[in-house]
Every structure is written in structure tokens, then in C-alpha cells.
Amino acid sequence: MRTHTAVARAPIVPEIALHLASEITPIWQATEEWLKERNIEPPFWAFAWPGGQATARLLLDEPERVAGKRVLDFAAGCGIAAIAAAKSGAALAEAAEIDRLALAAVRLNAALNGVTVATPEGDIVGAPCRWDVILAGDVCYEAPMTAHILPWLRAMAAAGADVLLADPGRAYLPREGLEPLSHHAVPTTLELEDRTLREVTLFRLLP
């Protein structure tokens, strides 16, 4: 993981260092076929996606949202939001991912920033609520994914968790039950997105 990434900082979250893919790292050039031959999932963990960046920015700017609370970063990717929660004084920061390489990346990135982030393994969807705040950045990009997670996230909101959903304009964002909280302009690249800037809205997901 260290070999295939470089330490860098996301455009709108310079406070957090991350092991990321870039034009100078081998994994940036890796093709889907190359990854499949080696039984490696696409390295979503090697990028700081717009939703995660916006969530991290919100928490660092408004640490009272998570200070002293139990926080879950759901579908955490590189773990930028979980790290921001830990840096903002969360009593517990957890990062959930079904990709074990992503969990390894979260642990590596947390250590790089001098914080502790728990990384439970497996699909956490269906688990009972044990968090005060749940962060979900950029999770509505596919219909099956959205159908799998959204009922559980709404159930978590009904159980009392503050569920924050960050979305950069993905197709399967629900049209109802969302309370806008903040907006963030996040620079990106044409290698990852179809534009060089993503407008991300952070919502509170209602039960």
C-alpha cells in the first residue's frame, strides 16, 4: 500500500495527510483487468472522494457535531471522515468497509495522523444502532447499493443517530427525507469525475 501510493492532502482538507494514488504512483496507472488478475478490488480507498472531503471539512469546522460522541464513518474509503471525527474529539471513531484493503488503508491513514480509528470487518448493514453520529459520504452512486443501505440508514436515524449524508450529485440520491446542512465546492480531476469541480451538499437523513 505504501509502495503504490504517495502521502498527499485533499484539496479542501489540508489538515489531514493520506496515502493516495496520484499521477506518480503505480496504482493510478493500474487497469481494471490488471486488478482482476490479482484479485484486487478497485482501489476506491486510494482516493479522497468529494463526499468524504466535504464531510471531513464540516467536522473540522464544527467539531461540536461529533465531540464526545460515538461516530461511524460508513463506506469509509480512505477514512478521511473518520479521521476528521477523531481529530474533532469523538469518543469513538469507527470506519466500516467491506473491502479489507480499504480497512488497512484507514488504519494506515489514521496512524499517519496520530489518531485511533476502529475498523470492524464485514458488512455492517443490519447491525443495531450503537452510534450517536453516522457519516455516509458519496454512497448513492448505484441503485443496488442505495437500495441495500438506505433503509438501514433511515432505521439508524429512527433509532436516534444523527445520520449525515454527503452527496455530490449522484443519480440515486433519495428525493425525500433530506434536510440540507451545508454546501461545499470540491476540486476533482477528470480521471475520477466528469468535471473538475463537484458541488457537494451535506444532508441530515430523516427517518
# chains A, B, ... in the order shown; residues from 1 in each chain; ligands from 1

$ residues_around --residues "Val7 in chain A" --least-positions-apart "5" --cutoff "10 Å" --atoms "only C-alpha atoms" --output "PyMOL selection string"
chain A and resi 2+17-22+109+112

$ write_last_selection --atoms "N, CA and C atoms" --output "mmCIF file, in the first residue's frame"
data_model
loop_
_atom_site.group_PDB
_atom_site.id
_atom_site.type_symbol
_atom_site.label_atom_id
_atom_site.label_comp_id
_atom_site.auth_asym_id
_atom_site.auth_seq_id
_atom_site.Cartn_x
_atom_site.Cartn_y
_atom_site.Cartn_z
ATOM 1 N N ARG A 2 1.900 1.259 0.822
ATOM 2 C CA ARG A 2 2.817 2.406 0.827
ATOM 3 C C ARG A 2 3.528 2.529 -0.525
ATOM 4 N N ALA A 17 -3.332 14.256 6.345
ATOM 5 C CA ALA A 17 -2.456 13.602 5.370
ATOM 6 C C ALA A 17 -2.994 12.197 5.081
ATOM 7 N N LEU A 18 -2.884 11.769 3.831
ATOM 8 C CA LEU A 18 -3.434 10.476 3.415
ATOM 9 C C LEU A 18 -2.497 9.790 2.428
ATOM 10 N N HIS A 19 -2.526 8.468 2.438
ATOM 11 C CA HIS A 19 -1.843 7.694 1.403
ATOM 12 C C HIS A 19 -2.787 7.607 0.201
ATOM 13 N N LEU A 20 -2.476 8.335 -0.877
ATOM 14 C CA LEU A 20 -3.378 8.438 -2.014
ATOM 15 C C LEU A 20 -2.679 8.075 -3.320
ATOM 16 N N ALA A 21 -3.482 7.652 -4.277
ATOM 17 C CA ALA A 21 -2.965 7.470 -5.634
ATOM 18 C C ALA A 21 -2.777 8.830 -6.277
ATOM 19 N N SER A 22 -1.780 8.937 -7.109
ATOM 20 C CA SER A 22 -1.566 10.162 -7.876
ATOM 21 C C SER A 22 -0.905 9.780 -9.193
ATOM 22 N N ASN A 109 -3.782 5.389 7.381
ATOM 23 C CA ASN A 109 -4.019 6.832 7.366
ATOM 24 C C ASN A 109 -4.261 7.385 8.767
ATOM 25 N N LEU A 112 -0.970 7.737 10.408
ATOM 26 C CA LEU A 112 -0.260 8.869 9.812
ATOM 27 C C LEU A 112 -0.665 10.191 10.459
#

$ residues_around --residues "Glu94 in chain A" --least-positions-apart "3" --cutoff "7 Å" --atoms "only C-alpha atoms" --output "list in words"
Val71, Leu72, Asp73, Ala82, Val117, Ala118 and Thr119 of chain A

$ residues_around --residues "range 123-127 of chain A" --least-positions-apart "3" --cutoff "8 Å" --atoms "only C-alpha atoms" --output "list of chain:residue names"
A:Ala96, A:Glu97, A:Ile98, A:His148, A:Ile149, A:Trp152

$ select_by_dssp --residues "range 109-177 of chain A" --states "strand (DSSP E)" --output "ChimeraX atom specification"
/A:133-137,162-167

$ residues_around --residues "range 139-143 of chain A" --least-positions-apart "6" --cutoff "7 Å" --atoms "only C-alpha atoms" --output "PDB file with N, CA and C atoms, in the first residue's frame"
ATOM      1  N   ARG A 170     -25.018  12.496  -7.181  1.00  0.00           N
ATOM      2  CA  ARG A 170     -25.158  11.151  -7.737  1.00  0.00           C
ATOM      3  C   ARG A 170     -26.619  10.862  -8.095  1.00  0.00           C
ATOM      4  N   ALA A 171     -26.805   9.917  -9.002  1.00  0.00           N
ATOM      5  CA  ALA A 171     -28.126   9.692  -9.604  1.00  0.00           C
ATOM      6  C   ALA A 171     -29.158   9.120  -8.650  1.00  0.00           C
ATOM      7  N   TYR A 172     -28.713   8.387  -7.628  1.00  0.00           N
ATOM      8  CA  TYR A 172     -29.669   7.646  -6.806  1.00  0.00           C
ATOM      9  C   TYR A 172     -29.877   8.248  -5.419  1.00  0.00           C
ATOM     10  N   LEU A 173     -29.516   9.521  -5.264  1.00  0.00           N
ATOM     11  CA  LEU A 173     -29.814  10.216  -4.021  1.00  0.00           C
ATOM     12  C   LEU A 173     -31.328  10.252  -3.818  1.00  0.00           C
TER      13      LEU A 173
END

$ closest_residue --among "A:Gly169, A:Pro174, A:Leu58, A:Cys78" --to "Leu150 in chain A" --atoms "only C-alpha atoms"
A:Pro174

$ residues_around --residues "range 9-13 of chain A" --least-positions-apart "5" --cutoff "7 Å" --atoms "only C-alpha atoms" --output "PyMOL selection string"
chain A and resi 18+48+53+57+186-187

$ write_last_selection --atoms "N, CA and C atoms" --output "PDB file, in the first residue's frame"
ATOM      1  N   LEU A  18      -2.884  11.769   3.831  1.00  0.00           N
ATOM      2  CA  LEU A  18      -3.434  10.476   3.415  1.00  0.00           C
ATOM      3  C   LEU A  18      -2.497   9.790   2.428  1.00  0.00           C
ATOM      4  N   ALA A  48      -9.432  10.475  -2.241  1.00  0.00           N
ATOM      5  CA  ALA A  48     -10.263  11.239  -1.304  1.00  0.00           C
ATOM      6  C   ALA A  48     -11.454  11.766  -2.092  1.00  0.00           C
ATOM      7  N   GLN A  53     -14.456  14.343   1.549  1.00  0.00           N
ATOM      8  CA  GLN A  53     -13.788  15.618   1.823  1.00  0.00           C
ATOM      9  C   GLN A  53     -14.745  16.624   2.448  1.00  0.00           C
ATOM     10  N   ARG A  57     -14.457  18.274   6.145  1.00  0.00           N
ATOM     11  CA  ARG A  57     -14.388  19.728   6.298  1.00  0.00           C
ATOM     12  C   ARG A  57     -15.429  20.218   7.306  1.00  0.00           C
ATOM     13  N   VAL A 186     -15.821  21.150  -4.225  1.00  0.00           N
ATOM     14  CA  VAL A 186     -14.643  20.284  -4.063  1.00  0.00           C
ATOM     15  C   VAL A 186     -13.956  20.084  -5.412  1.00  0.00           C
ATOM     16  N   PRO A 187     -12.715  20.552  -5.563  1.00  0.00           N
ATOM     17  CA  PRO A 187     -11.971  20.295  -6.804  1.00  0.00           C
ATOM     18  C   PRO A 187     -11.744  18.796  -6.988  1.00  0.00           C
TER      19      PRO A 187
END

$ closest_atom_pairs --of "range 42-138 of chain A" --to "range 176-185 of chain A" --cutoff "12 Å" --atoms "only C-alpha atoms" --output "Markdown table"
| residue | atom | partner | partner_atom | distance |
| --- | --- | --- | --- | --- |
| A:Pro50 | CA | A:Ala185 | CA | 8.6 |
| A:Gly51 | CA | A:His184 | CA | 9.2 |
| A:Gly52 | CA | A:His184 | CA | 11.1 |
| A:Gln53 | CA | A:His184 | CA | 9.0 |
| A:Ala54 | CA | A:His184 | CA | 6.0 |
| A:Thr55 | CA | A:His184 | CA | 9.2 |
| A:Ala56 | CA | A:His184 | CA | 10.9 |
| A:Arg57 | CA | A:His184 | CA | 8.6 |
| A:Leu58 | CA | A:Ser182 | CA | 8.0 |
| A:Leu59 | CA | A:Ser182 | CA | 11.3 |
| A:Asp61 | CA | A:Ser182 | CA | 11.4 |
| A:Glu62 | CA | A:Ser182 | CA | 11.3 |
| A:Arg65 | CA | A:Leu181 | CA | 11.9 |

$ select_by_dssp --residues "range 39-207 of chain A" --states "helix (DSSP H, G or I)" --output "number ranges by chain"
A: 44-46, 50-61, 63-65, 80-87, 100-112, 143-158

$ write_last_selection --atoms "C-alpha atoms" --output "short mmCIF file (atom, residue, chain, number, x, y, z; two decimals), in the first residue's frame"
data_model
loop_
_atom_site.label_atom_id
_atom_site.label_comp_id
_atom_site.auth_asym_id
_atom_site.auth_seq_id
_atom_site.Cartn_x
_atom_site.Cartn_y
_atom_site.Cartn_z
CA PHE A 44 -11.55 3.33 -4.05
CA TRP A 45 -9.59 3.66 -0.81
CA ALA A 46 -6.74 5.34 -2.69
CA PRO A 50 -15.72 14.63 -2.79
CA GLY A 51 -18.30 13.41 -0.28
CA GLY A 52 -15.65 12.35 2.21
CA GLN A 53 -13.79 15.62 1.82
CA ALA A 54 -16.92 17.68 2.42
CA THR A 55 -17.82 15.64 5.48
CA ALA A 56 -14.33 15.98 6.94
CA ARG A 57 -14.39 19.73 6.30
CA LEU A 58 -17.69 20.09 8.14
CA LEU A 59 -16.44 18.17 11.17
CA LEU A 60 -13.17 20.07 11.41
CA ASP A 61 -15.02 23.38 11.12
CA PRO A 63 -16.23 19.80 15.93
CA GLU A 64 -19.17 20.07 18.32
CA ARG A 65 -21.11 17.83 15.93
CA ILE A 80 -10.86 10.85 5.81
CA ALA A 81 -14.18 11.49 7.60
CA ALA A 82 -13.40 9.07 10.43
CA ILE A 83 -10.00 10.72 10.91
CA ALA A 84 -11.66 14.13 10.98
CA ALA A 85 -14.09 12.85 13.61
CA ALA A 86 -11.23 11.55 15.75
CA LYS A 87 -9.35 14.85 15.38
CA ARG A 100 -10.30 -5.34 3.65
CA LEU A 101 -7.72 -3.30 1.75
CA ALA A 102 -9.77 -0.20 2.49
CA LEU A 103 -9.74 -1.05 6.20
CA ALA A 104 -5.96 -1.44 6.02
CA ALA A 105 -5.76 1.96 4.32
CA VAL A 106 -7.87 3.53 7.06
CA ARG A 107 -5.57 2.14 9.75
CA LEU A 108 -2.50 3.39 7.86
CA ASN A 109 -4.02 6.83 7.37
CA ALA A 110 -5.18 7.07 10.98
CA ALA A 111 -1.68 6.27 12.20
CA LEU A 112 -0.26 8.87 9.81
CA ALA A 143 -29.13 1.60 -7.48
CA PRO A 144 -28.32 -1.75 -5.75
CA MET A 145 -26.00 -0.05 -3.26
CA THR A 146 -28.60 2.59 -2.42
CA ALA A 147 -31.38 0.01 -2.06
CA HIS A 148 -29.16 -2.05 0.27
CA ILE A 149 -28.07 0.73 2.60
CA LEU A 150 -30.78 3.38 2.65
CA PRO A 151 -33.42 1.50 4.70
CA TRP A 152 -30.78 0.71 7.32
CA LEU A 153 -29.51 4.28 7.45
CA ARG A 154 -33.07 5.54 7.90
CA ALA A 155 -33.56 2.97 10.67
CA MET A 156 -30.42 4.30 12.35
CA ALA A 157 -31.90 7.81 12.19
CA ALA A 158 -35.12 6.49 13.70
#

$ atom_distance --atom1 "CA of Leu192 in chain A" --atom2 "CA of Ala93 in chain A"
27.4 Å

$ atom_distance --atom1 "CA of Arg175 in chain A" --atom2 "CA of Leu197 in chain A"
22.6 Å

$ closest_residue --among "A:Asp194, A:Asp162, A:Glu121, A:Asp132" --to "Ala91 in chain A" --atoms "only C-alpha atoms"
A:Asp132

$ closest_residue --among "A:Arg130, A:Gly79, A:Asp138, A:Gly160" --to "Glu199 in chain A" --atoms "only C-alpha atoms"
A:Asp138

$ atom_distance --atom1 "CA of Val163 in chain A" --atom2 "CA of Ala75 in chain A"
13.2 Å

$ residues_around --residues "Phe74 in chain A" --least-positions-apart "3" --cutoff "8 Å" --atoms "only C-alpha atoms" --output "ChimeraX atom specification"
/A:95-97,134-137

$ closest_residue --among "A:Ala8, A:Asp99, A:Pro14, A:Val66" --to "Pro43 in chain A" --atoms "only C-alpha atoms"
A:Asp99
